Amino acid sequence: MKFEDLFLEIGGFGRFQILVLFILCLPRINLPMHFLLHNFLAATPPHHCAIPPQEAFENLTTEEVLLISIPRDPDGTFRSCEMFSQPQFQLLLNSSLQPENSSTTQHCQHGWVYDHSQFTSTIATQWDLVCEQRGLNQATATFFFIGVTIGAVIFGYLSDRFGRKAMLQLSLVCSVVFGMLSAASVSYSMLAITRTLTGVALSGVSLIVLPLGMEWVDIQHRTFSGILTSIFWSIGNMLLAMVAYLVREWHWLLVAVTGPCLLSIVCLWWVPESARWLIANGQVKQAHRNLLRCARMNGRKDFTVSPEALRKMATDKKPGGSYSYISLFRTPVLRKISLCSGAVWFGVAFSYYGMSMNLTGFGLNMYLSQFVFGVIEIPAKIIMYVLVNRVGRRQSQAWSLILTGLCIGSILSSVQAPTWANTIMGKGFSESAFTTVFLYTSELYPTVLRQNGMGYTSFVARLGGALAPLVFLLDEVWRSLPEVTYCGVAVCCGSVAFLLPETLNVCLPEGIEDVEKTQ
């Protein structure tokens, strides 16, 4: 008897599965509120050099002081990172005059003055992470994704070793602790460390929620459960825009996006451990209790499968604890799957966060842009629900990522003002690729290695996520270089997806031999 056959006894998609999926969707809402928080946490408002008071300025207005103290760009705006070494009083007579010589400018010597009309405070204004320190501001997102990368390795292994539910609870508790410590940061170093640790903790949530839900549903509803869980990411995207609009002070913003994890911790106590994992690891009695609970809630009172029958189902292999990340590369088919899926995940995350962390070029204010990005994702997910069931996972994955790259590339033709069509389609395709890759990868790996596989691919993805915000700094080399980089990586990685096997309407593999014999 295969585990899929058990769903005929307990109900493959009833009240039990609906409730489990709904509870698992709650922590999913929290993920984008942290993963995309950098857009608001590290926002850099308009700023200019601070000008110390002088007696010669007593009868001058603020605008006149700026005029003689700070050089202007050709468009008439004051420069953010330079000031005159000496006041240029001749500019009061004719503001179009040039300074006496080019050596009159210097870097800001007395700090900066920020425009607080949009943000009460951000980490950029808190610690002057502008101009020469701009790289540290962008690095905040990289530190977070380095944490997510490390967490993917840790929780991928631990959830296969000690169970999905226990590790999900641990990751949520740690997310609350480190999230609150981030909000209490008194230095940039403290913030960098606590945001990294928050990334480690949240990685467990990102990694475990979807596989745990999918392991409780039948083949026919596997795609639906994956898309449903993904839609709650988009809801979190929209909620982030609203929370950030209401909370303009970065300390309290961190508190606001971390607090909802407490609700998830409470609700998660009701969700049972994956029966698939329990059987694969020999914990037959607990698996039987969970299956009986599922059957009763689904109205299947005639559930008659005994613990002895479940024991016979247990995979006839070494214990699950003896599997490791090395097992992903020991056999030829798994090796090919791991190498190709790693490349796909890198391209998906790299292009997705490259677009999601660039809200300024959308033609709207950043709050509305963030909200619109979330809205765009929902129809993209619904379309993917149809496509992955019609044309298959492989084609959907490959073309959604390739088209993401092509849309980013098309923006290059209008760098000064990217069109709505290119931006909307690019964002939609990038989200489609991300939605598909979670579902696809969960189906590629066997139960005994599923979380190790998800941990490995998530690790590679977070490398892409960590590098994505740093690519924006390449605009100092060539203005279009960031877009060229995102485009090239997306197209190349999308092409690799054609090398993966199709999983449409295929039973989830339980052991390594189930994967190897399919090729």
# chains A, B, ... in the order shown; residues from 1 in each chain; ligands from 1
$ residues_around --residues "A:Ala466" --least-positions-apart "2" --cutoff "8 Å" --atoms "only C-alpha atoms" --output "short mmCIF file (atom, residue, chain, number, x, y, z; two decimals) with C-alpha atoms, in the first residue's frame"
data_model
loop_
_atom_site.label_atom_id
_atom_site.label_comp_id
_atom_site.auth_asym_id
_atom_site.auth_seq_id
_atom_site.Cartn_x
_atom_site.Cartn_y
_atom_site.Cartn_z
CA ALA A 141 19.11 43.29 3.03
CA THR A 142 22.11 41.13 2.17
CA PHE A 143 22.72 40.36 5.85
CA PHE A 144 19.09 39.29 6.20
CA PHE A 145 19.29 36.98 3.20
CA ILE A 146 22.60 35.54 4.39
CA ARG A 462 18.83 32.96 -0.79
CA LEU A 463 22.27 33.44 -2.28
CA GLY A 464 20.40 35.00 -5.18
CA ALA A 468 20.05 40.98 -5.72
CA PRO A 469 20.09 44.24 -3.68
CA LEU A 470 23.86 44.63 -4.16
#
$ closest_atom_pairs --of "stretch 28-51 of chain A" --to "stretch 192-195 of chain A" --cutoff "12 Å" --atoms "only C-alpha atoms" --output "Markdown table"
| residue | atom | partner | partner_atom | distance |
| --- | --- | --- | --- | --- |
| A:His34 | CA | A:Arg195 | CA | 9.5 |
| A:Phe35 | CA | A:Arg195 | CA | 10.5 |
| A:Leu37 | CA | A:Arg195 | CA | 10.9 |
| A:His38 | CA | A:Arg195 | CA | 10.6 |
| A:Leu41 | CA | A:Arg195 | CA | 11.3 |
| A:Ala42 | CA | A:Ala192 | CA | 12.0 |
$ write_last_selection --atoms "all heavy atoms" --output "PDB file, in the first residue's frame"
ATOM      1  N   HIS A  34       8.679  40.611   6.167  1.00  0.00           N
ATOM      2  CA  HIS A  34      10.086  40.701   6.567  1.00  0.00           C
ATOM      3  C   HIS A  34      11.015  40.648   5.355  1.00  0.00           C
ATOM      4  O   HIS A  34      11.996  41.387   5.293  1.00  0.00           O
ATOM      5  CB  HIS A  34      10.439  39.555   7.523  1.00  0.00           C
ATOM      6  CG  HIS A  34      10.169  39.866   8.953  1.00  0.00           C
ATOM      7  ND1 HIS A  34      11.024  40.613   9.736  1.00  0.00           N
ATOM      8  CD2 HIS A  34       9.132  39.536   9.762  1.00  0.00           C
ATOM      9  CE1 HIS A  34      10.533  40.736  10.958  1.00  0.00           C
ATOM     10  NE2 HIS A  34       9.385  40.085  11.001  1.00  0.00           N
ATOM     11  N   PHE A  35      10.704  39.770   4.396  1.00  0.00           N
ATOM     12  CA  PHE A  35      11.587  39.590   3.247  1.00  0.00           C
ATOM     13  C   PHE A  35      11.675  40.856   2.392  1.00  0.00           C
ATOM     14  O   PHE A  35      12.710  41.118   1.779  1.00  0.00           O
ATOM     15  CB  PHE A  35      11.102  38.419   2.388  1.00  0.00           C
ATOM     16  CG  PHE A  35      11.527  37.070   2.905  1.00  0.00           C
ATOM     17  CD1 PHE A  35      11.249  36.677   4.196  1.00  0.00           C
ATOM     18  CD2 PHE A  35      12.224  36.191   2.093  1.00  0.00           C
ATOM     19  CE1 PHE A  35      11.634  35.436   4.686  1.00  0.00           C
ATOM     20  CE2 PHE A  35      12.624  34.948   2.571  1.00  0.00           C
ATOM     21  CZ  PHE A  35      12.324  34.558   3.868  1.00  0.00           C
ATOM     22  N   LEU A  37      10.828  43.944   3.669  1.00  0.00           N
ATOM     23  CA  LEU A  37      10.805  45.070   4.598  1.00  0.00           C
ATOM     24  C   LEU A  37      11.892  46.092   4.294  1.00  0.00           C
ATOM     25  O   LEU A  37      11.749  47.279   4.614  1.00  0.00           O
ATOM     26  CB  LEU A  37      10.961  44.550   6.036  1.00  0.00           C
ATOM     27  CG  LEU A  37      10.898  45.574   7.166  1.00  0.00           C
ATOM     28  CD1 LEU A  37       9.521  46.239   7.202  1.00  0.00           C
ATOM     29  CD2 LEU A  37      11.207  44.905   8.510  1.00  0.00           C
ATOM     30  N   HIS A  38      12.964  45.658   3.664  1.00  0.00           N
ATOM     31  CA  HIS A  38      14.091  46.549   3.367  1.00  0.00           C
ATOM     32  C   HIS A  38      13.641  47.778   2.575  1.00  0.00           C
ATOM     33  O   HIS A  38      14.242  48.860   2.724  1.00  0.00           O
ATOM     34  CB  HIS A  38      15.151  45.775   2.576  1.00  0.00           C
ATOM     35  CG  HIS A  38      16.349  46.591   2.209  1.00  0.00           C
ATOM     36  ND1 HIS A  38      17.364  46.872   3.100  1.00  0.00           N
ATOM     37  CD2 HIS A  38      16.703  47.206   1.042  1.00  0.00           C
ATOM     38  CE1 HIS A  38      18.282  47.610   2.500  1.00  0.00           C
ATOM     39  NE2 HIS A  38      17.911  47.827   1.259  1.00  0.00           N
ATOM     40  N   LEU A  41      12.310  49.837   5.603  1.00  0.00           N
ATOM     41  CA  LEU A  41      13.226  49.907   6.743  1.00  0.00           C
ATOM     42  C   LEU A  41      14.460  50.738   6.404  1.00  0.00           C
ATOM     43  O   LEU A  41      14.942  51.524   7.222  1.00  0.00           O
ATOM     44  CB  LEU A  41      13.658  48.479   7.136  1.00  0.00           C
ATOM     45  CG  LEU A  41      14.581  48.330   8.335  1.00  0.00           C
ATOM     46  CD1 LEU A  41      13.832  48.646   9.622  1.00  0.00           C
ATOM     47  CD2 LEU A  41      15.161  46.919   8.398  1.00  0.00           C
ATOM     48  N   ALA A  42      14.977  50.560   5.176  1.00  0.00           N
ATOM     49  CA  ALA A  42      16.219  51.224   4.771  1.00  0.00           C
ATOM     50  C   ALA A  42      15.980  52.298   3.716  1.00  0.00           C
ATOM     51  O   ALA A  42      16.911  52.667   2.988  1.00  0.00           O
ATOM     52  CB  ALA A  42      17.208  50.186   4.245  1.00  0.00           C
TER      53      ALA A  42
END
$ residues_around --residues "A:Ala244" --least-positions-apart "4" --cutoff "10 Å" --atoms "only C-alpha atoms" --output "ChimeraX atom specification"
/A:33,37,39-41,119,239-240,248-250,252-254,256-257,366-367,370
$ closest_atom_pairs --of "stretch 202-305 of chain A" --to "stretch 173-190 of chain A" --cutoff "12 Å" --atoms "only C-alpha atoms" --output "CSV"
residue,atom,partner,partner_atom,distance
A:Leu202,CA,A:Ser175,CA,5.9
A:Ser203,CA,A:Ser175,CA,9.3
A:Gly204,CA,A:Ser175,CA,9.4
A:Val205,CA,A:Ser175,CA,9.1
A:Ser206,CA,A:Ser175,CA,11.7
A:Glu249,CA,A:Ala183,CA,10.3
A:Trp250,CA,A:Ala183,CA,7.6
A:His251,CA,A:Ala183,CA,4.6
A:Trp252,CA,A:Ala183,CA,6.8
A:Leu253,CA,A:Ala183,CA,8.0
A:Leu254,CA,A:Ala183,CA,5.4
A:Val255,CA,A:Met180,CA,6.1
A:Ala256,CA,A:Met180,CA,9.6
A:Val257,CA,A:Gly179,CA,8.5
A:Thr258,CA,A:Gly179,CA,5.8
A:Gly259,CA,A:Val176,CA,7.0
A:Pro260,CA,A:Val176,CA,8.8
A:Cys261,CA,A:Val176,CA,6.4
A:Leu262,CA,A:Val176,CA,7.2
A:Leu263,CA,A:Val176,CA,10.7
A:Ser264,CA,A:Val173,CA,9.6
A:Ile265,CA,A:Val173,CA,7.1
A:Val266,CA,A:Val173,CA,10.4
A:Leu268,CA,A:Val173,CA,11.3
$ closest_residue --among "A:Pro482, A:Pro46, A:Gly405, A:Gly511" --to "A:Ile279" --atoms "only C-alpha atoms"
A:Gly511
$ residues_around --residues "A:Arg134" --least-positions-apart "6" --cutoff "9 Å" --atoms "only C-alpha atoms" --output "PDB file with all heavy atoms, in the first residue's frame"
ATOM      1  N   ALA A 124      18.582  54.460   7.508  1.00  0.00           N
ATOM      2  CA  ALA A 124      19.454  55.365   6.755  1.00  0.00           C
ATOM      3  C   ALA A 124      19.595  56.698   7.466  1.00  0.00           C
ATOM      4  O   ALA A 124      20.689  57.271   7.546  1.00  0.00           O
ATOM      5  CB  ALA A 124      18.917  55.566   5.343  1.00  0.00           C
ATOM      6  N   ASP A 128      23.000  57.599   9.322  1.00  0.00           N
ATOM      7  CA  ASP A 128      23.596  58.294   8.174  1.00  0.00           C
ATOM      8  C   ASP A 128      24.191  57.314   7.154  1.00  0.00           C
ATOM      9  O   ASP A 128      25.350  57.437   6.729  1.00  0.00           O
ATOM     10  CB  ASP A 128      24.679  59.276   8.643  1.00  0.00           C
ATOM     11  CG  ASP A 128      24.090  60.484   9.358  1.00  0.00           C
ATOM     12  OD1 ASP A 128      22.940  60.845   9.061  1.00  0.00           O
ATOM     13  OD2 ASP A 128      24.788  61.062  10.219  1.00  0.00           O
ATOM     14  N   LEU A 473      24.034  48.529  -6.923  1.00  0.00           N
ATOM     15  CA  LEU A 473      25.220  49.382  -6.824  1.00  0.00           C
ATOM     16  C   LEU A 473      26.009  49.414  -8.125  1.00  0.00           C
ATOM     17  O   LEU A 473      26.867  50.277  -8.312  1.00  0.00           O
ATOM     18  CB  LEU A 473      26.119  48.882  -5.679  1.00  0.00           C
ATOM     19  CG  LEU A 473      25.489  48.878  -4.282  1.00  0.00           C
ATOM     20  CD1 LEU A 473      26.455  48.280  -3.272  1.00  0.00           C
ATOM     21  CD2 LEU A 473      25.068  50.282  -3.857  1.00  0.00           C
TER      22      LEU A 473
END
$ select_by_dssp --residues "stretch 252-340 of chain A" --states "helix (DSSP H, G or I)" --output "ChimeraX atom specification"
/A:252-258,261-268,275-280,284-297,307-313,320-322,325-329,332-340
$ closest_residue --among "A:Ile208, A:Val284, A:Thr196, A:Cys267" --to "A:Ser171" --atoms "only C-alpha atoms"
A:Ile208
$ closest_residue --among "A:Pro32, A:Gly163, A:Gly453, A:Gly156" --to "A:Phe371" --atoms "only C-alpha atoms"
A:Pro32
$ closest_residue --among "A:Ile70, A:Ala349, A:Cys25, A:Cys487" --to "A:Ser410" --atoms "only C-alpha atoms"
A:Cys487
$ residues_around --residues "stretch 216-222 of chain A" --least-positions-apart "3" --cutoff "6 Å" --atoms "only C-alpha atoms" --output "VMD selection string"
chain A and resid 12 to 13 213 225
$ closest_residue --among "A:Tyr323, A:Trp127, A:Phe346, A:Phe329" --to "A:Thr447" --atoms "only C-alpha atoms"
A:Tyr323
$ residues_around --residues "A:Gly135" --least-positions-apart "3" --cutoff "10 Å" --atoms "only C-alpha atoms" --output "ChimeraX atom specification"
/A:129-132,138-140,469-470,472-473
$ write_last_selection --atoms "C-alpha atoms" --output "PDB file, in the first residue's frame"
ATOM      1  CA  LEU A 129      23.814  55.357   5.762  1.00  0.00           C
ATOM      2  CA  VAL A 130      24.014  57.599   2.705  1.00  0.00           C
ATOM      3  CA  CYS A 131      26.643  58.725   0.205  1.00  0.00           C
ATOM      4  CA  GLU A 132      29.906  56.920   1.126  1.00  0.00           C
ATOM      5  CA  GLN A 138      21.991  48.041   0.861  1.00  0.00           C
ATOM      6  CA  ALA A 139      23.992  45.437   2.807  1.00  0.00           C
ATOM      7  CA  THR A 140      21.238  45.310   5.438  1.00  0.00           C
ATOM      8  CA  PRO A 469      20.092  44.236  -3.678  1.00  0.00           C
ATOM      9  CA  LEU A 470      23.855  44.625  -4.156  1.00  0.00           C
ATOM     10  CA  PHE A 472      21.785  47.968  -7.722  1.00  0.00           C
ATOM     11  CA  LEU A 473      25.220  49.382  -6.824  1.00  0.00           C
TER      12      LEU A 473
END
$ residues_around --residues "A:Ser356" --least-positions-apart "2" --cutoff "8 Å" --atoms "only C-alpha atoms" --output "ChimeraX atom specification"
/A:36,352-354,358-359,373,427
$ closest_residue --among "A:Leu499, A:Leu136, A:Ala152, A:Ile376" --to "A:Leu191" --atoms "only C-alpha atoms"
A:Leu136
$ atom_distance --atom1 "atom CA of A:Lys285" --atom2 "atom CA of A:Val271"
17.0 Å
$ atom_distance --atom1 "atom CA of A:Ala497" --atom2 "atom CA of A:Ala398"
5.0 Å
$ atom_distance --atom1 "atom CA of A:Gln118" --atom2 "atom CA of A:Phe232"
27.9 Å
$ select_by_dssp --residues "stretch 102-268 of chain A" --states "strand (DSSP E)" --output "list in words"
Thr105, Gln106, His107, Trp112, Val113 and Tyr114 of chain A
$ decode --residues "stretch 38-82 of chain A" --atoms "C-alpha atoms" --output "PDB file, in the first residue's frame"
ATOM      1  CA  HIS A  38      14.091  46.549   3.367  1.00  0.00           C
ATOM      2  CA  ASN A  39      12.122  48.768   0.953  1.00  0.00           C
ATOM      3  CA  PHE A  40      10.816  50.750   3.931  1.00  0.00           C
ATOM      4  CA  LEU A  41      13.226  49.907   6.743  1.00  0.00           C
ATOM      5  CA  ALA A  42      16.219  51.224   4.771  1.00  0.00           C
ATOM      6  CA  ALA A  43      14.469  53.833   2.625  1.00  0.00           C
ATOM      7  CA  THR A  44      16.607  56.879   1.893  1.00  0.00           C
ATOM      8  CA  PRO A  45      14.613  60.138   1.882  1.00  0.00           C
ATOM      9  CA  PRO A  46      15.837  63.280   0.063  1.00  0.00           C
ATOM     10  CA  HIS A  47      18.797  64.780   1.925  1.00  0.00           C
ATOM     11  CA  HIS A  48      21.596  67.327   1.687  1.00  0.00           C
ATOM     12  CA  CYS A  49      24.665  68.294   3.664  1.00  0.00           C
ATOM     13  CA  ALA A  50      24.057  69.941   7.009  1.00  0.00           C
ATOM     14  CA  ILE A  51      25.260  73.568   6.992  1.00  0.00           C
ATOM     15  CA  PRO A  52      26.623  74.865  10.324  1.00  0.00           C
ATOM     16  CA  PRO A  53      25.316  78.315  11.350  1.00  0.00           C
ATOM     17  CA  GLN A  54      27.525  81.322  10.633  1.00  0.00           C
ATOM     18  CA  GLU A  55      27.188  85.032  11.399  1.00  0.00           C
ATOM     19  CA  ALA A  56      27.215  85.799   7.678  1.00  0.00           C
ATOM     20  CA  PHE A  57      23.995  83.767   7.324  1.00  0.00           C
ATOM     21  CA  GLU A  58      21.953  85.742   9.891  1.00  0.00           C
ATOM     22  CA  ASN A  59      19.978  87.745   7.327  1.00  0.00           C
ATOM     23  CA  LEU A  60      19.609  84.957   4.769  1.00  0.00           C
ATOM     24  CA  THR A  61      16.649  82.652   4.293  1.00  0.00           C
ATOM     25  CA  THR A  62      17.068  78.888   4.430  1.00  0.00           C
ATOM     26  CA  GLU A  63      16.810  78.685   0.636  1.00  0.00           C
ATOM     27  CA  GLU A  64      19.532  81.303   0.231  1.00  0.00           C
ATOM     28  CA  VAL A  65      21.840  79.487   2.667  1.00  0.00           C
ATOM     29  CA  LEU A  66      21.421  76.315   0.648  1.00  0.00           C
ATOM     30  CA  LEU A  67      22.008  78.192  -2.598  1.00  0.00           C
ATOM     31  CA  ILE A  68      25.428  79.474  -1.520  1.00  0.00           C
ATOM     32  CA  SER A  69      26.446  76.346   0.398  1.00  0.00           C
ATOM     33  CA  ILE A  70      25.460  73.377  -1.753  1.00  0.00           C
ATOM     34  CA  PRO A  71      26.098  72.808  -5.480  1.00  0.00           C
ATOM     35  CA  ARG A  72      23.209  71.841  -7.711  1.00  0.00           C
ATOM     36  CA  ASP A  73      22.755  69.221 -10.396  1.00  0.00           C
ATOM     37  CA  PRO A  74      21.773  70.217 -13.967  1.00  0.00           C
ATOM     38  CA  ASP A  75      18.106  69.600 -13.117  1.00  0.00           C
ATOM     39  CA  GLY A  76      18.294  72.247 -10.373  1.00  0.00           C
ATOM     40  CA  THR A  77      18.133  69.929  -7.352  1.00  0.00           C
ATOM     41  CA  PHE A  78      20.697  70.264  -4.572  1.00  0.00           C
ATOM     42  CA  ARG A  79      23.334  67.560  -4.479  1.00  0.00           C
ATOM     43  CA  SER A  80      23.003  65.023  -1.674  1.00  0.00           C
ATOM     44  CA  CYS A  81      26.658  64.325  -0.943  1.00  0.00           C
ATOM     45  CA  GLU A  82      28.600  67.532  -1.660  1.00  0.00           C
TER      46      GLU A  82
END
